[in-house]
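> You'll find final.pdb just under this line, and it carries PDB, N, CA and C atoms.
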ATOM      1  N   MET K  23     -29.239  11.647  12.665
ATOM      2  CA  MET K  23     -28.907  10.684  11.634
ATOM      3  C   MET K  23     -27.416  10.786  11.305
ATOM      4  N   PRO K  24     -26.779   9.644  11.000
ATOM      5  CA  PRO K  24     -25.354   9.692  10.673
ATOM      6  C   PRO K  24     -25.117  10.372   9.319
ATOM      7  N   LEU K  25     -24.050  11.155   9.289
ATOM      8  CA  LEU K  25     -23.649  11.814   8.056
ATOM      9  C   LEU K  25     -22.417  11.109   7.498
ATOM     10  N   VAL K  26     -22.375  10.980   6.182
ATOM     11  CA  VAL K  26     -21.219  10.392   5.511
ATOM     12  C   VAL K  26     -20.757  11.361   4.425
ATOM     13  N   LYS K  27     -19.506  11.212   4.056
ATOM     14  CA  LYS K  27     -18.941  12.048   2.995
ATOM     15  C   LYS K  27     -19.227  11.381   1.651
ATOM     16  N   CYS K  28     -19.837  12.111   0.744
ATOM     17  CA  CYS K  28     -20.141  11.585  -0.589
ATOM     18  C   CYS K  28     -18.825  11.262  -1.297
ATOM     19  N   PRO K  29     -18.677  10.020  -1.798
ATOM     20  CA  PRO K  29     -17.443   9.681  -2.494
ATOM     21  C   PRO K  29     -17.274  10.416  -3.823
ATOM     22  N   GLY K  30     -18.337  11.016  -4.316
ATOM     23  CA  GLY K  30     -18.248  11.730  -5.580
ATOM     24  C   GLY K  30     -17.780  13.165  -5.425
ATOM     25  N   CYS K  31     -18.478  13.923  -4.588
ATOM     26  CA  CYS K  31     -18.182  15.353  -4.479
ATOM     27  C   CYS K  31     -17.633  15.764  -3.121
ATOM     28  N   GLY K  32     -17.723  14.882  -2.143
ATOM     29  CA  GLY K  32     -17.205  15.191  -0.819
ATOM     30  C   GLY K  32     -18.205  15.867   0.101
ATOM     31  N   LYS K  33     -19.377  16.174  -0.385
ATOM     32  CA  LYS K  33     -20.407  16.816   0.419
ATOM     33  C   LYS K  33     -20.866  15.865   1.527
ATOM     34  N   ARG K  34     -21.111  16.393   2.722
ATOM     35  CA  ARG K  34     -21.635  15.589   3.828
ATOM     36  C   ARG K  34     -23.129  15.382   3.592
ATOM     37  N   THR K  35     -23.578  14.146   3.696
ATOM     38  CA  THR K  35     -24.973  13.832   3.417
ATOM     39  C   THR K  35     -25.472  12.773   4.387
ATOM     40  N   GLU K  36     -26.766  12.750   4.625
ATOM     41  CA  GLU K  36     -27.359  11.758   5.511
ATOM     42  C   GLU K  36     -27.273  10.385   4.873
ATOM     43  N   TYR K  37     -26.984   9.400   5.702
ATOM     44  CA  TYR K  37     -26.856   8.036   5.188
ATOM     45  C   TYR K  37     -28.207   7.330   5.156
ATOM     46  N   LEU K  38     -28.926   7.394   6.255
ATOM     47  CA  LEU K  38     -30.226   6.730   6.330
ATOM     48  C   LEU K  38     -31.250   7.513   5.514
ATOM     49  N   ASP K  39     -32.210   6.806   4.992
ATOM     50  CA  ASP K  39     -33.280   7.424   4.188
ATOM     51  C   ASP K  39     -32.740   8.184   2.970
ATOM     52  N   ASN K  40     -31.610   7.754   2.444
ATOM     53  CA  ASN K  40     -31.029   8.366   1.246
ATOM     54  C   ASN K  40     -30.968   7.284   0.175
ATOM     55  N   GLU K  41     -31.808   7.386  -0.806
ATOM     56  CA  GLU K  41     -31.878   6.346  -1.839
ATOM     57  C   GLU K  41     -30.616   6.254  -2.691
ATOM     58  N   PHE K  42     -29.749   7.255  -2.632
ATOM     59  CA  PHE K  42     -28.538   7.260  -3.449
ATOM     60  C   PHE K  42     -27.286   6.940  -2.632
ATOM     61  N   ARG K  43     -27.454   6.572  -1.371
ATOM     62  CA  ARG K  43     -26.298   6.357  -0.494
ATOM     63  C   ARG K  43     -25.324   5.367  -1.074
ATOM     64  N   PRO K  44     -24.074   5.551  -0.882
ATOM     65  CA  PRO K  44     -23.415   6.556  -0.050
ATOM     66  C   PRO K  44     -23.242   7.898  -0.751
ATOM     67  N   PHE K  45     -23.811   8.044  -1.927
ATOM     68  CA  PHE K  45     -23.702   9.305  -2.673
ATOM     69  C   PHE K  45     -24.750  10.294  -2.180
ATOM     70  N   CYS K  46     -24.517  11.570  -2.439
ATOM     71  CA  CYS K  46     -25.459  12.593  -1.993
ATOM     72  C   CYS K  46     -26.630  12.764  -2.958
ATOM     73  N   SER K  47     -26.423  12.357  -4.208
ATOM     74  CA  SER K  47     -27.459  12.592  -5.217
ATOM     75  C   SER K  47     -27.354  11.553  -6.329
ATOM     76  N   GLU K  48     -28.387  11.539  -7.151
ATOM     77  CA  GLU K  48     -28.375  10.647  -8.311
ATOM     78  C   GLU K  48     -27.245  11.035  -9.261
ATOM     79  N   ARG K  49     -26.968  12.317  -9.370
ATOM     80  CA  ARG K  49     -25.901  12.787 -10.256
ATOM     81  C   ARG K  49     -24.555  12.186  -9.864
ATOM     82  N   CYS K  50     -24.196  12.264  -8.573
ATOM     83  CA  CYS K  50     -22.912  11.709  -8.122
ATOM     84  C   CYS K  50     -22.877  10.191  -8.327
ATOM     85  N   LYS K  51     -24.000   9.545  -8.092
ATOM     86  CA  LYS K  51     -24.073   8.090  -8.278
ATOM     87  C   LYS K  51     -23.843   7.725  -9.746
ATOM     88  N   LEU K  52     -24.475   8.443 -10.655
ATOM     89  CA  LEU K  52     -24.339   8.152 -12.083
ATOM     90  C   LEU K  52     -22.950   8.502 -12.612
ATOM     91  N   LEU K  53     -22.365   9.574 -12.096
ATOM     92  CA  LEU K  53     -21.001   9.919 -12.509
ATOM     93  C   LEU K  53     -20.022   8.818 -12.088
ATOM     94  N   ASP K  54     -20.187   8.292 -10.882
ATOM     95  CA  ASP K  54     -19.333   7.213 -10.409
ATOM     96  C   ASP K  54     -19.536   5.952 -11.256
ATOM     97  N   PHE K  55     -20.778   5.637 -11.549
ATOM     98  CA  PHE K  55     -21.071   4.481 -12.393
ATOM     99  C   PHE K  55     -20.431   4.632 -13.764
ATOM    100  N   GLY K  56     -20.498   5.837 -14.318
ATOM    101  CA  GLY K  56     -19.879   6.097 -15.619
ATOM    102  C   GLY K  56     -18.370   5.904 -15.583
ATOM    103  N   ASP K  57     -17.739   6.322 -14.483
ATOM    104  CA  ASP K  57     -16.294   6.108 -14.340
ATOM    105  C   ASP K  57     -15.965   4.624 -14.316
ATOM    106  N   TRP K  58     -16.764   3.841 -13.595
ATOM    107  CA  TRP K  58     -16.548   2.385 -13.579
ATOM    108  C   TRP K  58     -16.725   1.807 -14.979
ATOM    109  N   ALA K  59     -17.790   2.234 -15.670
ATOM    110  CA  ALA K  59     -18.070   1.704 -17.009
ATOM    111  C   ALA K  59     -16.964   2.079 -18.004
ATOM    112  N   ASP K  60     -16.347   3.233 -17.811
ATOM    113  CA  ASP K  60     -15.268   3.669 -18.699
ATOM    114  C   ASP K  60     -13.923   3.046 -18.344
ATOM    115  N   GLY K  61     -13.880   2.276 -17.264
ATOM    116  CA  GLY K  61     -12.651   1.610 -16.868
ATOM    117  C   GLY K  61     -11.681   2.482 -16.099
ATOM    118  N   LYS K  62     -12.143   3.595 -15.563
ATOM    119  CA  LYS K  62     -11.250   4.489 -14.829
ATOM    120  C   LYS K  62     -10.802   3.900 -13.495
ATOM    121  N   PHE K  63     -11.515   2.902 -12.985
ATOM    122  CA  PHE K  63     -11.150   2.283 -11.720
ATOM    123  C   PHE K  63     -10.523   0.913 -11.926
ATOM    124  N   ALA K  64     -10.165   0.593 -13.149
ATOM    125  CA  ALA K  64      -9.579  -0.715 -13.443
ATOM    126  C   ALA K  64      -8.174  -0.810 -12.869
ATOM    127  N   LEU K  65      -7.840  -1.980 -12.388
ATOM    128  CA  LEU K  65      -6.499  -2.222 -11.881
ATOM    129  C   LEU K  65      -5.586  -2.615 -13.033
ATOM    130  N   PRO K  66      -4.377  -2.082 -13.046
ATOM    131  CA  PRO K  66      -3.456  -2.458 -14.122
ATOM    132  C   PRO K  66      -3.078  -3.935 -13.999
ATOM    133  N   ALA K  67      -3.010  -4.594 -15.104
ATOM    134  CA  ALA K  67      -2.659  -6.016 -15.104
ATOM    135  C   ALA K  67      -1.801  -6.320 -16.318
ATOM    136  N   GLU K  68      -0.895  -7.237 -16.124
ATOM    137  CA  GLU K  68      -0.066  -7.679 -17.232
ATOM    138  C   GLU K  68      -0.623  -9.000 -17.743
ATOM    139  N   PRO K  69      -0.800  -9.109 -19.037
ATOM    140  CA  PRO K  69      -1.282 -10.386 -19.564
ATOM    141  C   PRO K  69      -0.238 -11.473 -19.310
ATOM    142  N   SER K  70      -0.705 -12.637 -18.990
ATOM    143  CA  SER K  70       0.232 -13.735 -18.756
ATOM    144  C   SER K  70      -0.224 -14.962 -19.534
ATOM    145  N   SER K  71       0.721 -15.788 -19.814
ATOM    146  CA  SER K  71       0.389 -17.036 -20.481
ATOM    147  C   SER K  71       1.096 -18.161 -19.737
ATOM    148  N   LEU K  72       0.513 -19.317 -19.802
ATOM    149  CA  LEU K  72       1.082 -20.467 -19.107
ATOM    150  C   LEU K  72       2.259 -21.040 -19.888
ATOM    151  N   THR K  73       3.289 -21.384 -19.141
ATOM    152  CA  THR K  73       4.430 -22.052 -19.757
ATOM    153  C   THR K  73       4.155 -23.551 -19.770
ATOM    154  N   ASP K  74       4.974 -24.296 -20.494
ATOM    155  CA  ASP K  74       4.827 -25.752 -20.502
ATOM    156  C   ASP K  74       4.986 -26.314 -19.091
ATOM    157  N   GLU K  75       5.882 -25.718 -18.300
ATOM    158  CA  GLU K  75       6.075 -26.165 -16.920
ATOM    159  C   GLU K  75       4.821 -25.930 -16.083
ATOM    160  N   ASP K  76       4.174 -24.791 -16.292
ATOM    161  CA  ASP K  76       2.932 -24.499 -15.575
ATOM    162  C   ASP K  76       1.856 -25.528 -15.904
ATOM    163  N   ILE K  77       1.712 -25.838 -17.175
ATOM    164  CA  ILE K  77       0.701 -26.792 -17.617
ATOM    165  C   ILE K  77       0.981 -28.177 -17.027
ATOM    166  N   GLU K  78       2.242 -28.580 -17.021
ATOM    167  CA  GLU K  78       2.602 -29.881 -16.447
ATOM    168  C   GLU K  78       2.311 -29.907 -14.950
ATOM    169  N   ALA K  79       2.594 -28.829 -14.244
ATOM    170  CA  ALA K  79       2.326 -28.771 -12.805
ATOM    171  C   ALA K  79       0.827 -28.850 -12.532
ATOM    172  N   ILE K  80       0.033 -28.196 -13.354
ATOM    173  CA  ILE K  80      -1.423 -28.250 -13.194
ATOM    174  C   ILE K  80      -1.924 -29.667 -13.438
ATOM    175  N   GLU K  81      -1.436 -30.297 -14.481
ATOM    176  CA  GLU K  81      -1.847 -31.663 -14.792
ATOM    177  C   GLU K  81      -1.458 -32.628 -13.667
ATOM    178  N   ARG K  82      -0.253 -32.469 -13.108
ATOM    179  CA  ARG K  82       0.171 -33.323 -11.991
ATOM    180  C   ARG K  82      -0.752 -33.120 -10.785
ATOM    181  N   ALA K  83      -1.080 -31.878 -10.501
ATOM    182  CA  ALA K  83      -1.951 -31.580  -9.361
ATOM    183  C   ALA K  83      -3.349 -32.151  -9.583
ATOM    184  N   ARG K  84      -3.836 -32.041 -10.803
ATOM    185  CA  ARG K  84      -5.166 -32.588 -11.093
ATOM    186  C   ARG K  84      -5.192 -34.099 -10.991
ATOM    187  N   SER K  85      -4.176 -34.748 -11.516
ATOM    188  CA  SER K  85      -4.157 -36.220 -11.479
ATOM    189  C   SER K  85      -3.939 -36.741 -10.064
ATOM    190  N   SER K  86      -3.167 -36.042  -9.242
ATOM    191  CA  SER K  86      -2.976 -36.484  -7.854
ATOM    192  C   SER K  86      -4.232 -36.238  -7.045
ATOM    193  N   GLY K  87      -5.012 -35.279  -7.412
ATOM    194  CA  GLY K  87      -6.282 -35.003  -6.723
ATOM    195  C   GLY K  87      -7.333 -36.063  -7.027
ATOM    196  N   ARG K  88      -7.292 -36.649  -8.187
ATOM    197  CA  ARG K  88      -8.257 -37.694  -8.560
ATOM    198  C   ARG K  88      -7.987 -38.986  -7.837
ATOM    199  N   ALA K  89      -6.721 -39.250  -7.526
ATOM    200  CA  ALA K  89      -6.360 -40.504  -6.871
ATOM    201  C   ALA K  89      -6.871 -40.561  -5.439
ATOM    202  N   SER K  90      -7.161 -39.423  -4.837
ATOM    203  CA  SER K  90      -7.602 -39.382  -3.440
ATOM    204  C   SER K  90      -9.009 -39.868  -3.274
TER     205      SER K  90
END
Take the structure in the file and write it out as structure tokens.

Amino acid sequence: MPLVKCPGCGKRTEYLDNEFRPFCSERCKLLDFGDWADGKFALPAEPSSLTDEDIEAIERARSSGRAS
């Protein structure tokens, strides 16, 4: 059976017939889920707002799309 490295602890574990795959155990799976829920894997983003020019460009694109 193929072995994969658990993304949680690094332990080598069987992939097939493993209900927690790609994790080695329910514990590693739940710890990873908790990290996602806590936002530890969130990508940094800067808030943005549309300028008047952006809004006008969107409106022009929408109106030209309707004419087709």
> From the set K:Leu65, K:Ser86, K:Cys50, K:Met23, which residue has the shortest atom-to-atom contact distance to Tyr37 (chain K), counting only C-alpha atoms?
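Closest to Tyr37 (chain K), using only C-alpha atoms: K:Met23.
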> How would you write, as a list in words, the residues chosen by the PyMOL selection byres ((chain K and resi 30) around 8) on this structure?
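Listing what the PyMOL selection byres ((chain K and resi 30) around 8) selects in the shown file: Lys27, Cys28, Pro29, Cys31, Gly32, Lys33, Pro44, Phe45, Cys46, Arg49, Cys50, Lys51, Leu53 and Asp54 of chain K.
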> Could the residues in this selection be written to a file with N, CA and C atoms, as a PDB file, in the coordinates of the input?

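Just written: out.pdb:
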ATOM      1  N   LYS K  27     -19.506  11.212   4.056  1.00  0.00           N
ATOM      2  CA  LYS K  27     -18.941  12.048   2.995  1.00  0.00           C
ATOM      3  C   LYS K  27     -19.227  11.381   1.651  1.00  0.00           C
ATOM      4  N   CYS K  28     -19.837  12.111   0.744  1.00  0.00           N
ATOM      5  CA  CYS K  28     -20.141  11.585  -0.589  1.00  0.00           C
ATOM      6  C   CYS K  28     -18.825  11.262  -1.297  1.00  0.00           C
ATOM      7  N   PRO K  29     -18.677  10.020  -1.798  1.00  0.00           N
ATOM      8  CA  PRO K  29     -17.443   9.681  -2.494  1.00  0.00           C
ATOM      9  C   PRO K  29     -17.274  10.416  -3.823  1.00  0.00           C
ATOM     10  N   CYS K  31     -18.478  13.923  -4.588  1.00  0.00           N
ATOM     11  CA  CYS K  31     -18.182  15.353  -4.479  1.00  0.00           C
ATOM     12  C   CYS K  31     -17.633  15.764  -3.121  1.00  0.00           C
ATOM     13  N   GLY K  32     -17.723  14.882  -2.143  1.00  0.00           N
ATOM     14  CA  GLY K  32     -17.205  15.191  -0.819  1.00  0.00           C
ATOM     15  C   GLY K  32     -18.205  15.867   0.101  1.00  0.00           C
ATOM     16  N   LYS K  33     -19.377  16.174  -0.385  1.00  0.00           N
ATOM     17  CA  LYS K  33     -20.407  16.816   0.419  1.00  0.00           C
ATOM     18  C   LYS K  33     -20.866  15.865   1.527  1.00  0.00           C
ATOM     19  N   PRO K  44     -24.074   5.551  -0.882  1.00  0.00           N
ATOM     20  CA  PRO K  44     -23.415   6.556  -0.050  1.00  0.00           C
ATOM     21  C   PRO K  44     -23.242   7.898  -0.751  1.00  0.00           C
ATOM     22  N   PHE K  45     -23.811   8.044  -1.927  1.00  0.00           N
ATOM     23  CA  PHE K  45     -23.702   9.305  -2.673  1.00  0.00           C
ATOM     24  C   PHE K  45     -24.750  10.294  -2.180  1.00  0.00           C
ATOM     25  N   CYS K  46     -24.517  11.570  -2.439  1.00  0.00           N
ATOM     26  CA  CYS K  46     -25.459  12.593  -1.993  1.00  0.00           C
ATOM     27  C   CYS K  46     -26.630  12.764  -2.958  1.00  0.00           C
ATOM     28  N   ARG K  49     -26.968  12.317  -9.370  1.00  0.00           N
ATOM     29  CA  ARG K  49     -25.901  12.787 -10.256  1.00  0.00           C
ATOM     30  C   ARG K  49     -24.555  12.186  -9.864  1.00  0.00           C
ATOM     31  N   CYS K  50     -24.196  12.264  -8.573  1.00  0.00           N
ATOM     32  CA  CYS K  50     -22.912  11.709  -8.122  1.00  0.00           C
ATOM     33  C   CYS K  50     -22.877  10.191  -8.327  1.00  0.00           C
ATOM     34  N   LYS K  51     -24.000   9.545  -8.092  1.00  0.00           N
ATOM     35  CA  LYS K  51     -24.073   8.090  -8.278  1.00  0.00           C
ATOM     36  C   LYS K  51     -23.843   7.725  -9.746  1.00  0.00           C
ATOM     37  N   LEU K  53     -22.365   9.574 -12.096  1.00  0.00           N
ATOM     38  CA  LEU K  53     -21.001   9.919 -12.509  1.00  0.00           C
ATOM     39  C   LEU K  53     -20.022   8.818 -12.088  1.00  0.00           C
ATOM     40  N   ASP K  54     -20.187   8.292 -10.882  1.00  0.00           N
ATOM     41  CA  ASP K  54     -19.333   7.213 -10.409  1.00  0.00           C
ATOM     42  C   ASP K  54     -19.536   5.952 -11.256  1.00  0.00           C
TER      43      ASP K  54
END
> Just the number, please: distance in Å from CA of Phe42 (chain K) to CA of Pro24 (chain K), one decimal.
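The value is 14.7 Å.
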> Mind listing the strand (DSSP E or B) residues of chain K, per DSSP on the backbone, as a VMD selection string?
chain K and resid 25 to 27 34 to 36
> Check the smallest atom-to-atom distance from each of K:Glu75, K:Ala83, K:Pro69, K:Thr35 to Ser47 (chain K) using all atoms listed in the file, then report the winner.
K:Thr35
> Rounded to one decimal in Å, what is the spacing between atom N of Arg34 (chain K) and CA of Glu48 (chain K)?
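CA of Glu48 (chain K) lies 14.4 Å from atom N of Arg34 (chain K).
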> Expressed in Å to a single decimal, how great is the separation between atom C of Glu68 (chain K) and CA of Glu81 (chain K)?
22.9 Å
> Per DSSP on the backbone, filter chain K down to the residues in alpha helix (DSSP H) and report them as a PyMOL selection string.
chain K and resi 48-59+74-89
